[in-house]
Amino acid sequence: VYKRQVDGAPAARPAELAQDLAEELRARGRPVAVIGTGGFLRAASLRFEYGHQDADAYYDLWLDSGALHREVFAPLEPGGSGRVLPDLWDPVADRATRSPYLTVPPGGVVIVHGPFLLGHWFPFDLAVHLRMSPAALARHTEAAAAWTVPAFARYADEVRPEDAAHVVVRADDPRRPAWSGFTAGA
């Protein structure tokens, strides 16, 4: 099973790129499961412990990386069941989703998309980072989510996703992403 990721701020539209990649792979006969990190957020009591608009909490506390490891990556390891959970938690209803497991057959592809994916030691075979300049990120982020922009600056400083990813796609205009080739880390 191949494990791919599309990392990027919501303004860069990582879900759209992940779905486009999945469609191309399916057209080539590959079974694909697309999983968004939005289904692996922690409960509201943990996400909002420091308020509803705390950029550091958004960066540090919102993603349940342990659940993502347990429910998506562990079953794909050698000897694993191949059964992955597409989501675990509904952040709006603030309860478990109870979604059925998906079976990823040998040769299948799992594409995980969302923000802050690099730096968690997730076992991706290929990591794509959607890079936005600070100005483009501020311009394309919805006004209600403007408080999240400092979290992406922190991510850029601490994780350096452009150095950690195999592929960096410039997404200053998310409608026209630009790829300049594989990075040195590939």
# chains A, B, ... in the order shown; residues from 1 in each chain; ligands from 1
>>> closest_atom_pairs(of="stretch 137-171 of chain A", to="stretch 112-133 of chain A", cutoff="8 Å", atoms="only C-alpha atoms", output="Markdown table")
| residue | atom | partner | partner_atom | distance |
| --- | --- | --- | --- | --- |
| A:Leu137 | CA | A:Met132 | CA | 5.6 |
| A:Tyr155 | CA | A:Phe116 | CA | 7.0 |
| A:Val159 | CA | A:Gly119 | CA | 5.9 |
| A:Pro161 | CA | A:Leu118 | CA | 6.4 |
| A:Glu162 | CA | A:His129 | CA | 6.8 |
| A:Ala164 | CA | A:Leu118 | CA | 7.0 |
| A:Ala165 | CA | A:Ala127 | CA | 5.0 |
| A:His166 | CA | A:Ala127 | CA | 5.2 |
| A:Val167 | CA | A:Val128 | CA | 4.7 |
| A:Val168 | CA | A:His129 | CA | 4.9 |
| A:Val169 | CA | A:Leu130 | CA | 4.9 |
| A:Arg170 | CA | A:Arg131 | CA | 4.9 |
| A:Ala171 | CA | A:Met132 | CA | 5.3 |
>>> atom_distance(atom1="atom CA of A:Asp56", atom2="atom CA of A:Arg4")
26.3 Å
>>> residues_around(residues="stretch 50-52 of chain A", least_positions_apart="2", cutoff="12 Å", atoms="only C-alpha atoms", output="MDAnalysis selection string")
chainID A and resid 44:48 54:58 60:62 144:145 147:148
>>> select_by_dssp(residues="stretch 35-148 of chain A", states="helix (DSSP H, G or I)", output="PDB file with C-alpha atoms, in the first residue's frame")
ATOM      1  CA  THR A  37      -7.425  15.205   8.855  1.00  0.00           C
ATOM      2  CA  GLY A  38     -10.639  17.090   9.630  1.00  0.00           C
ATOM      3  CA  GLY A  39     -12.071  13.719  10.632  1.00  0.00           C
ATOM      4  CA  PHE A  40      -9.253  13.198  13.126  1.00  0.00           C
ATOM      5  CA  ALA A  44     -14.026  20.346  21.360  1.00  0.00           C
ATOM      6  CA  SER A  45     -13.160  20.308  25.070  1.00  0.00           C
ATOM      7  CA  LEU A  46      -9.517  19.726  24.099  1.00  0.00           C
ATOM      8  CA  ARG A  47      -9.403  21.833  20.928  1.00  0.00           C
ATOM      9  CA  ALA A  55      -3.395  29.811  17.021  1.00  0.00           C
ATOM     10  CA  ASP A  56      -0.991  27.811  19.195  1.00  0.00           C
ATOM     11  CA  ALA A  57      -3.750  25.415  20.254  1.00  0.00           C
ATOM     12  CA  TYR A  58      -4.789  25.074  16.597  1.00  0.00           C
ATOM     13  CA  TYR A  59      -1.224  24.080  15.735  1.00  0.00           C
ATOM     14  CA  ASP A  60      -0.455  21.892  18.778  1.00  0.00           C
ATOM     15  CA  SER A  65      -2.112  12.376  15.521  1.00  0.00           C
ATOM     16  CA  GLY A  66      -2.230   9.270  17.725  1.00  0.00           C
ATOM     17  CA  ALA A  67      -5.641   8.324  16.321  1.00  0.00           C
ATOM     18  CA  LEU A  68      -4.408   8.920  12.777  1.00  0.00           C
ATOM     19  CA  HIS A  69      -1.431   6.631  13.427  1.00  0.00           C
ATOM     20  CA  ARG A  70      -3.624   3.975  15.059  1.00  0.00           C
ATOM     21  CA  GLU A  71      -6.578   4.018  12.643  1.00  0.00           C
ATOM     22  CA  VAL A  72      -4.880   4.761   9.321  1.00  0.00           C
ATOM     23  CA  PHE A  73      -1.172   3.950   9.340  1.00  0.00           C
ATOM     24  CA  ALA A  74      -0.882   0.966  11.703  1.00  0.00           C
ATOM     25  CA  PRO A  75      -3.342  -1.185   9.691  1.00  0.00           C
ATOM     26  CA  LEU A  76      -1.217  -0.532   6.573  1.00  0.00           C
ATOM     27  CA  PRO A 134       2.501  34.722   3.930  1.00  0.00           C
ATOM     28  CA  ALA A 135       0.749  37.425   1.882  1.00  0.00           C
ATOM     29  CA  ALA A 136      -1.143  34.890  -0.269  1.00  0.00           C
ATOM     30  CA  LEU A 137      -2.102  32.871   2.806  1.00  0.00           C
ATOM     31  CA  ALA A 138      -3.503  35.978   4.500  1.00  0.00           C
ATOM     32  CA  ARG A 139      -5.320  37.001   1.312  1.00  0.00           C
ATOM     33  CA  HIS A 140      -6.912  33.579   0.624  1.00  0.00           C
ATOM     34  CA  ALA A 143     -11.955  36.182   7.379  1.00  0.00           C
ATOM     35  CA  ALA A 144     -13.436  33.946  10.090  1.00  0.00           C
ATOM     36  CA  ALA A 145     -10.236  31.854  10.073  1.00  0.00           C
ATOM     37  CA  ALA A 146      -7.729  34.726   9.919  1.00  0.00           C
ATOM     38  CA  TRP A 147      -6.688  33.895  13.492  1.00  0.00           C
ATOM     39  CA  THR A 148      -5.095  30.636  12.169  1.00  0.00           C
TER      40      THR A 148
END
>>> atom_distance(atom1="atom CA of A:Val104", atom2="atom CA of A:Arg83")
6.3 Å
>>> select_by_dssp(residues="stretch 19-75 of chain A", states="strand (DSSP E)", output="list in words")
Val32, Ala33, Val34, Ile35 and Gly36 of chain A
>>> write_last_selection(atoms="N, CA and C atoms", output="mmCIF file, in the first residue's frame")
data_model
loop_
_atom_site.group_PDB
_atom_site.id
_atom_site.type_symbol
_atom_site.label_atom_id
_atom_site.label_comp_id
_atom_site.auth_asym_id
_atom_site.auth_seq_id
_atom_site.Cartn_x
_atom_site.Cartn_y
_atom_site.Cartn_z
ATOM 1 N N VAL A 32 -8.070 3.690 -4.364
ATOM 2 C CA VAL A 32 -7.600 4.839 -3.591
ATOM 3 C C VAL A 32 -8.575 5.152 -2.466
ATOM 4 N N ALA A 33 -8.021 5.440 -1.291
ATOM 5 C CA ALA A 33 -8.799 5.960 -0.166
ATOM 6 C C ALA A 33 -8.273 7.356 0.148
ATOM 7 N N VAL A 34 -9.153 8.334 0.192
ATOM 8 C CA VAL A 34 -8.776 9.711 0.512
ATOM 9 C C VAL A 34 -9.283 10.013 1.918
ATOM 10 N N ILE A 35 -8.373 10.481 2.769
ATOM 11 C CA ILE A 35 -8.695 10.711 4.175
ATOM 12 C C ILE A 35 -8.277 12.123 4.565
ATOM 13 N N GLY A 36 -9.226 12.891 5.067
ATOM 14 C CA GLY A 36 -8.937 14.248 5.517
ATOM 15 C C GLY A 36 -8.677 14.278 7.017
#
